[in-house]
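Next comes model.cif, a file with mmCIF, C-alpha atoms.
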data_coords
loop_
_atom_site.group_PDB
_atom_site.id
_atom_site.type_symbol
_atom_site.label_atom_id
_atom_site.label_comp_id
_atom_site.auth_asym_id
_atom_site.auth_seq_id
_atom_site.Cartn_x
_atom_site.Cartn_y
_atom_site.Cartn_z
ATOM 1 C CA MET U 1 0.000 0.000 0.000
ATOM 2 C CA THR U 2 1.406 3.350 -1.006
ATOM 3 C CA LEU U 3 0.586 6.474 0.962
ATOM 4 C CA ASN U 4 0.348 9.690 -1.000
ATOM 5 C CA PHE U 5 0.560 12.404 1.616
ATOM 6 C CA SER U 6 0.674 16.063 0.694
ATOM 7 C CA HIS U 7 3.630 18.065 1.996
ATOM 8 C CA PHE U 8 1.448 19.561 4.713
ATOM 9 C CA THR U 9 -0.008 16.223 5.842
ATOM 10 C CA ALA U 10 3.479 14.721 6.046
ATOM 11 C CA ALA U 11 4.678 17.732 8.069
ATOM 12 C CA LEU U 12 1.622 17.425 10.329
ATOM 13 C CA ILE U 13 2.268 13.720 11.068
ATOM 14 C CA PHE U 14 5.964 14.367 11.662
ATOM 15 C CA SER U 15 5.222 17.316 13.971
ATOM 16 C CA LEU U 16 2.683 15.359 15.985
ATOM 17 C CA CYS U 17 4.924 12.316 16.536
ATOM 18 C CA ALA U 18 8.060 14.352 17.273
ATOM 19 C CA SER U 19 6.168 16.656 19.669
ATOM 20 C CA VAL U 20 4.757 13.708 21.637
ATOM 21 C CA VAL U 21 8.233 12.189 22.118
ATOM 22 C CA PHE U 22 9.834 15.570 22.882
ATOM 23 C CA GLY U 23 7.139 16.343 25.434
ATOM 24 C CA ILE U 24 7.564 12.996 27.217
ATOM 25 C CA THR U 25 11.355 12.997 27.209
ATOM 26 C CA GLN U 26 12.218 16.635 27.874
ATOM 27 C CA ARG U 27 10.011 17.360 30.883
ATOM 28 C CA ASN U 28 9.446 15.714 34.259
ATOM 29 C CA GLU U 29 5.810 16.339 35.140
ATOM 30 C CA THR U 30 2.680 15.467 33.223
ATOM 31 C CA LYS U 31 1.405 19.031 32.892
ATOM 32 C CA ALA U 32 4.821 20.287 31.787
ATOM 33 C CA MET U 33 5.034 17.420 29.268
ATOM 34 C CA ILE U 34 1.694 18.348 27.700
ATOM 35 C CA ARG U 35 2.606 22.039 27.653
ATOM 36 C CA TYR U 36 6.014 21.397 26.080
ATOM 37 C CA GLY U 37 4.527 18.976 23.519
ATOM 38 C CA LEU U 38 1.992 21.600 22.456
ATOM 39 C CA TYR U 39 4.733 24.244 22.371
ATOM 40 C CA CYS U 40 6.891 22.085 20.065
ATOM 41 C CA PHE U 41 3.908 21.244 17.863
ATOM 42 C CA ALA U 42 3.012 24.929 17.500
ATOM 43 C CA TRP U 43 6.608 25.789 16.538
ATOM 44 C CA PHE U 44 6.773 22.939 14.019
ATOM 45 C CA ILE U 45 3.523 23.938 12.328
ATOM 46 C CA GLY U 46 4.319 27.657 12.590
ATOM 47 C CA GLY U 47 7.696 27.013 10.967
ATOM 48 C CA VAL U 48 6.076 25.015 8.160
ATOM 49 C CA LEU U 49 3.550 27.790 7.467
ATOM 50 C CA VAL U 50 6.183 30.551 7.550
ATOM 51 C CA ALA U 51 8.560 28.582 5.308
ATOM 52 C CA GLY U 52 5.693 27.745 2.949
ATOM 53 C CA TRP U 53 4.619 31.365 2.587
ATOM 54 C CA ALA U 54 8.265 32.496 2.251
ATOM 55 C CA MET U 55 8.714 30.092 -0.655
ATOM 56 C CA TRP U 56 5.449 31.299 -2.195
ATOM 57 C CA PHE U 57 6.729 34.905 -2.133
ATOM 58 C CA LEU U 58 10.180 33.913 -3.393
ATOM 59 C CA LYS U 59 8.584 32.144 -6.360
ATOM 60 C CA ARG U 60 6.875 35.424 -7.417
ATOM 61 C CA MET W 61 11.602 24.580 40.350
ATOM 62 C CA ALA W 62 8.839 22.054 39.717
ATOM 63 C CA ASN W 63 11.324 19.983 37.730
ATOM 64 C CA ASP W 64 13.827 20.040 40.613
ATOM 65 C CA LYS W 65 11.122 18.796 42.956
ATOM 66 C CA ALA W 66 10.187 16.046 40.513
ATOM 67 C CA ILE W 67 13.820 14.962 40.212
ATOM 68 C CA ALA W 68 14.158 14.928 43.997
ATOM 69 C CA ASN W 69 11.076 12.692 44.254
ATOM 70 C CA ALA W 70 12.292 10.255 41.605
ATOM 71 C CA ALA W 71 13.575 7.068 43.189
ATOM 72 C CA PRO W 72 16.491 5.294 41.527
ATOM 73 C CA ALA W 73 15.711 1.796 40.327
ATOM 74 C CA ALA W 74 17.801 -1.005 41.704
ATOM 75 C CA GLY W 75 19.778 -3.733 39.964
ATOM 76 C CA MET W 76 20.058 -4.065 36.220
ATOM 77 C CA MET W 77 17.300 -1.616 35.334
ATOM 78 C CA PRO W 78 19.662 1.200 34.163
ATOM 79 C CA ILE W 79 20.999 -1.225 31.533
ATOM 80 C CA VAL W 80 17.854 -3.227 30.780
ATOM 81 C CA ALA W 81 15.467 -0.265 30.413
ATOM 82 C CA PRO W 82 17.309 1.574 27.596
ATOM 83 C CA LEU W 83 18.065 -1.699 25.796
ATOM 84 C CA ALA W 84 14.421 -2.797 26.014
ATOM 85 C CA GLY W 85 13.304 0.694 24.982
ATOM 86 C CA TRP W 86 15.531 0.614 21.927
ATOM 87 C CA LEU W 87 14.538 -2.920 20.940
ATOM 88 C CA VAL W 88 10.784 -2.366 21.311
ATOM 89 C CA PRO W 89 9.740 1.312 21.272
ATOM 90 C CA GLY W 90 8.198 2.276 24.620
ATOM 91 C CA LEU W 91 9.118 -0.978 26.401
ATOM 92 C CA GLY W 92 11.705 0.806 28.565
ATOM 93 C CA HIS W 93 8.875 2.923 29.989
ATOM 94 C CA PHE W 94 6.418 0.005 30.215
ATOM 95 C CA ILE W 95 8.756 -2.076 32.403
ATOM 96 C CA GLN W 96 9.192 0.916 34.728
ATOM 97 C CA LYS W 97 5.421 1.185 35.230
ATOM 98 C CA ARG W 98 4.856 4.145 32.924
ATOM 99 C CA PRO W 99 2.405 2.561 30.465
ATOM 100 C CA VAL W 100 0.892 5.799 29.098
ATOM 101 C CA ARG W 101 4.287 7.235 28.192
ATOM 102 C CA GLY W 102 5.369 3.883 26.778
ATOM 103 C CA GLY W 103 2.191 3.598 24.718
ATOM 104 C CA LEU W 104 2.548 7.105 23.309
ATOM 105 C CA ILE W 105 6.190 6.471 22.398
ATOM 106 C CA LEU W 106 5.289 3.155 20.757
ATOM 107 C CA LEU W 107 2.495 4.826 18.800
ATOM 108 C CA SER W 108 4.653 7.773 17.698
ATOM 109 C CA VAL W 109 7.626 5.677 16.576
ATOM 110 C CA ALA W 110 5.408 3.084 14.860
ATOM 111 C CA VAL W 111 3.426 5.782 13.025
ATOM 112 C CA MET W 112 6.673 7.412 11.843
ATOM 113 C CA PHE W 113 8.132 4.070 10.765
ATOM 114 C CA PHE W 114 5.092 2.693 8.951
ATOM 115 C CA SER W 115 4.211 6.053 7.377
ATOM 116 C CA GLY W 116 7.760 6.110 6.040
ATOM 117 C CA LEU W 117 7.377 2.620 4.620
ATOM 118 C CA GLY W 118 3.986 3.581 3.180
ATOM 119 C CA MET W 119 5.606 6.497 1.382
ATOM 120 C CA GLU W 120 8.077 4.001 -0.119
ATOM 121 C CA GLY W 121 10.971 5.263 1.957
ATOM 122 C CA LYS W 122 14.313 3.523 1.771
ATOM 123 C CA VAL W 123 15.526 1.271 4.613
ATOM 124 C CA TYR W 124 19.303 1.468 4.816
ATOM 125 C CA GLY W 125 21.427 -1.610 5.356
ATOM 126 C CA LEU W 126 24.866 -1.684 6.966
ATOM 127 C CA ASN W 127 27.172 0.037 4.510
ATOM 128 C CA VAL W 128 30.540 1.753 4.244
ATOM 129 C CA GLY W 129 29.759 3.850 1.194
ATOM 130 C CA ASP W 130 28.405 7.368 1.216
ATOM 131 C CA LEU W 131 28.504 9.210 4.556
ATOM 132 C CA LEU W 132 24.785 10.054 4.382
ATOM 133 C CA ASP W 133 23.977 6.383 3.746
ATOM 134 C CA MET W 134 25.963 5.397 6.832
ATOM 135 C CA LEU W 135 24.161 8.014 8.920
ATOM 136 C CA GLY W 136 20.880 6.790 7.442
ATOM 137 C CA PHE W 137 21.696 3.278 8.642
ATOM 138 C CA ILE W 138 22.464 4.561 12.155
ATOM 139 C CA GLY W 139 19.137 6.419 12.252
ATOM 140 C CA ASP W 140 17.183 3.436 10.891
ATOM 141 C CA PHE W 141 18.889 1.086 13.346
ATOM 142 C CA GLY W 142 17.389 3.129 16.180
ATOM 143 C CA ASN W 143 13.984 1.635 15.344
ATOM 144 C CA GLY W 144 15.036 -1.625 17.000
ATOM 145 C CA VAL W 145 12.827 -4.597 16.215
ATOM 146 C CA LEU W 146 10.946 -2.631 13.545
ATOM 147 C CA TYR W 147 14.219 -2.216 11.657
ATOM 148 C CA PHE W 148 15.060 -5.914 11.888
ATOM 149 C CA ALA W 149 11.539 -6.804 10.704
ATOM 150 C CA ALA W 150 11.903 -4.425 7.753
ATOM 151 C CA ARG W 151 15.244 -5.956 6.768
ATOM 152 C CA MET W 152 13.981 -9.522 7.117
ATOM 153 C CA MET W 153 10.758 -8.869 5.208
ATOM 154 C CA ASP W 154 12.550 -6.750 2.620
ATOM 155 C CA TRP W 155 10.270 -3.780 3.271
ATOM 156 C CA GLY W 156 11.066 -0.315 2.016
ATOM 157 C CA GLY W 157 12.001 0.987 -1.412
ATOM 158 C CA VAL W 158 15.521 0.490 -2.692
ATOM 159 C CA ASN W 159 15.736 3.582 -4.867
ATOM 160 C CA ILE W 160 14.057 6.923 -4.320
ATOM 161 C CA PHE W 161 11.856 7.780 -7.299
ATOM 162 C CA ARG W 162 9.446 10.355 -5.885
ATOM 163 C CA ALA W 163 9.567 13.337 -3.533
ATOM 164 C CA THR W 164 7.355 11.515 -1.036
ATOM 165 C CA SER W 165 9.779 8.565 -1.060
ATOM 166 C CA ASP W 166 12.450 10.943 0.169
ATOM 167 C CA TYR W 167 10.083 12.083 2.926
ATOM 168 C CA GLY W 168 9.436 8.437 3.761
ATOM 169 C CA THR W 169 13.161 7.772 4.103
ATOM 170 C CA LYS W 170 13.454 10.709 6.504
ATOM 171 C CA PHE W 171 10.403 9.536 8.451
ATOM 172 C CA ILE W 172 12.046 6.145 9.061
ATOM 173 C CA VAL W 173 15.344 7.748 10.121
ATOM 174 C CA CYS W 174 13.595 10.257 12.409
ATOM 175 C CA GLY W 175 11.445 7.497 13.928
ATOM 176 C CA GLY W 176 14.665 5.707 14.870
ATOM 177 C CA LEU W 177 16.194 8.840 16.346
ATOM 178 C CA LEU W 178 13.056 9.543 18.381
ATOM 179 C CA ASN W 179 13.244 5.982 19.694
ATOM 180 C CA VAL W 180 16.855 6.533 20.764
ATOM 181 C CA ILE W 181 15.802 9.693 22.660
ATOM 182 C CA ALA W 182 13.030 7.668 24.342
ATOM 183 C CA ALA W 183 15.503 4.894 25.266
ATOM 184 C CA ILE W 184 17.816 7.473 26.867
ATOM 185 C CA ASP W 185 14.794 8.830 28.747
ATOM 186 C CA ALA W 186 14.091 5.309 30.052
ATOM 187 C CA HIS W 187 17.694 5.205 31.311
ATOM 188 C CA GLN W 188 17.243 8.590 33.025
ATOM 189 C CA ILE W 189 14.167 7.233 34.818
ATOM 190 C CA ALA W 190 16.049 4.074 35.824
ATOM 191 C CA ILE W 191 18.940 5.988 37.413
ATOM 192 C CA GLY W 192 16.531 8.290 39.251
ATOM 193 C CA LYS W 193 17.267 11.510 37.403
ATOM 194 C CA LYS W 194 13.670 11.711 36.228
ATOM 195 C CA GLN W 195 10.261 10.695 37.503
#
How would this structure read if it were set down as structure tokens?
Amino acid sequence: MTLNFSHFTAALIFSLCASVVFGITQRNETKAMIRYGLYCFAWFIGGVLVAGWAMWFLKR
Amino acid sequence: MANDKAIANAAPAAGMMPIVAPLAGWLVPGLGHFIQKRPVRGGLILLSVAVMFFSGLGMEGKVYGLNVGDLLDMLGFIGDFGNGVLYFAARMMDWGGVNIFRATSDYGTKFIVCGGLLNVIAAIDAHQIAIGKKQ
């Protein structure tokens, strides 16, 4: 079975998985883990959106 | 400050756990946390690494074998090897594309490598729990 993800879907899956592991491994308490996971996820997705729009402007 | 308190409360595990936990965690993603009675963390790690690995295979990513060729290929092998039993299964079942034909195949290759690296981070975390540096 071949998966045909768009760039954004692939980035979303990567961000989600990486954020979960970062959250668990980089903090000591449950609340801090959730907060740090969400923080990482927001930065991943924010970075993707900023880079995407930057490339859109560079193309024009 | 909350982290310092959590570290102070963490009890070091006795015996072979500091060696067994990271090895188990590397071999089976999340197992290092499961055997230290942290099933939710272990389950989330297992899910994350497995999703990365199988998404990568689904995107026809390449699974690197042991090689002494290109530096990036060697690093790719090290990253893939971090997946533990998933890597061995992929090698035995001949999963994964050999050559990269599409852009998504390249993403898939990176997904597999990153899944392995995340698993290594999780295995180190299991070791930190075992030696009492973390709750």
Here's the selection I'm unsure about, the PyMOL selection byres ((chain U and resi 17-33) around 9); applied to the file above, which residues does it give, as a PyMOL selection string? (chain U and resi 12-16+34-41+44) or (chain W and resi 62-64+66-67+101+104-105+107-109+111-112+174-175+178-179+181-182+184-186+194-195)
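Proximity of W:Leu87, W:Val173, W:Val80, W:Ala150 to Leu106 in chain W, computed with only C-alpha atoms, is greatest for W:Leu87.
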Care to translate the PyMOL selection byres ((chain W and resi 126) around 10) into actual residues of this file, as a PyMOL selection string? chain W and resi 124-125+127-129+133-138+141
Rounded to one decimal in Å, what is the spacing between CA of Asn143 in chain W and CA of Leu91 in chain W?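 About the pair CA of Asn143 in chain W and CA of Leu91 in chain W: they are 12.4 Å apart.
With all atoms listed in the file as the atoms that count, the residue of W:Val180, W:Met119, W:Val88, W:Leu132 with the shortest distance to chain U is W:Met119.
Here CA of Gly46 in chain U stands at a distance of 25.7 Å from CA of Gly121 in chain W.
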Within 7 Å of range 161-171 of chain W, counting only C-alpha atoms, which residues qualify if same-chain residues fewer than 6 places away don't, as a ChimeraX atom specification? /W:112-113,115-117,119-123
Just how far from CA of Arg98 in chain W is CA of Tyr147 in chain W, in Å to one decimal?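 If I compute the distance from CA of Tyr147 in chain W to CA of Arg98 in chain W, I get 24.1 Å.
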Using all atoms of range 44-51 of chain U listed in the file and a margin of 6 Å per side, can you give the axis-aligned box centre and edge lengths in Å to one decimal, as lines of an AutoDock Vina configuration file?
center_x = 6.0
center_y = 26.7
center_z = 9.7
size_x = 17.0
size_y = 19.6
size_z = 20.7
Neighbours of Gly75 in chain W within 12 Å (all atoms listed in the file; same-chain residues fewer than 5 positions away dropped), as a ChimeraX atom specification? /W:80-81,190-191
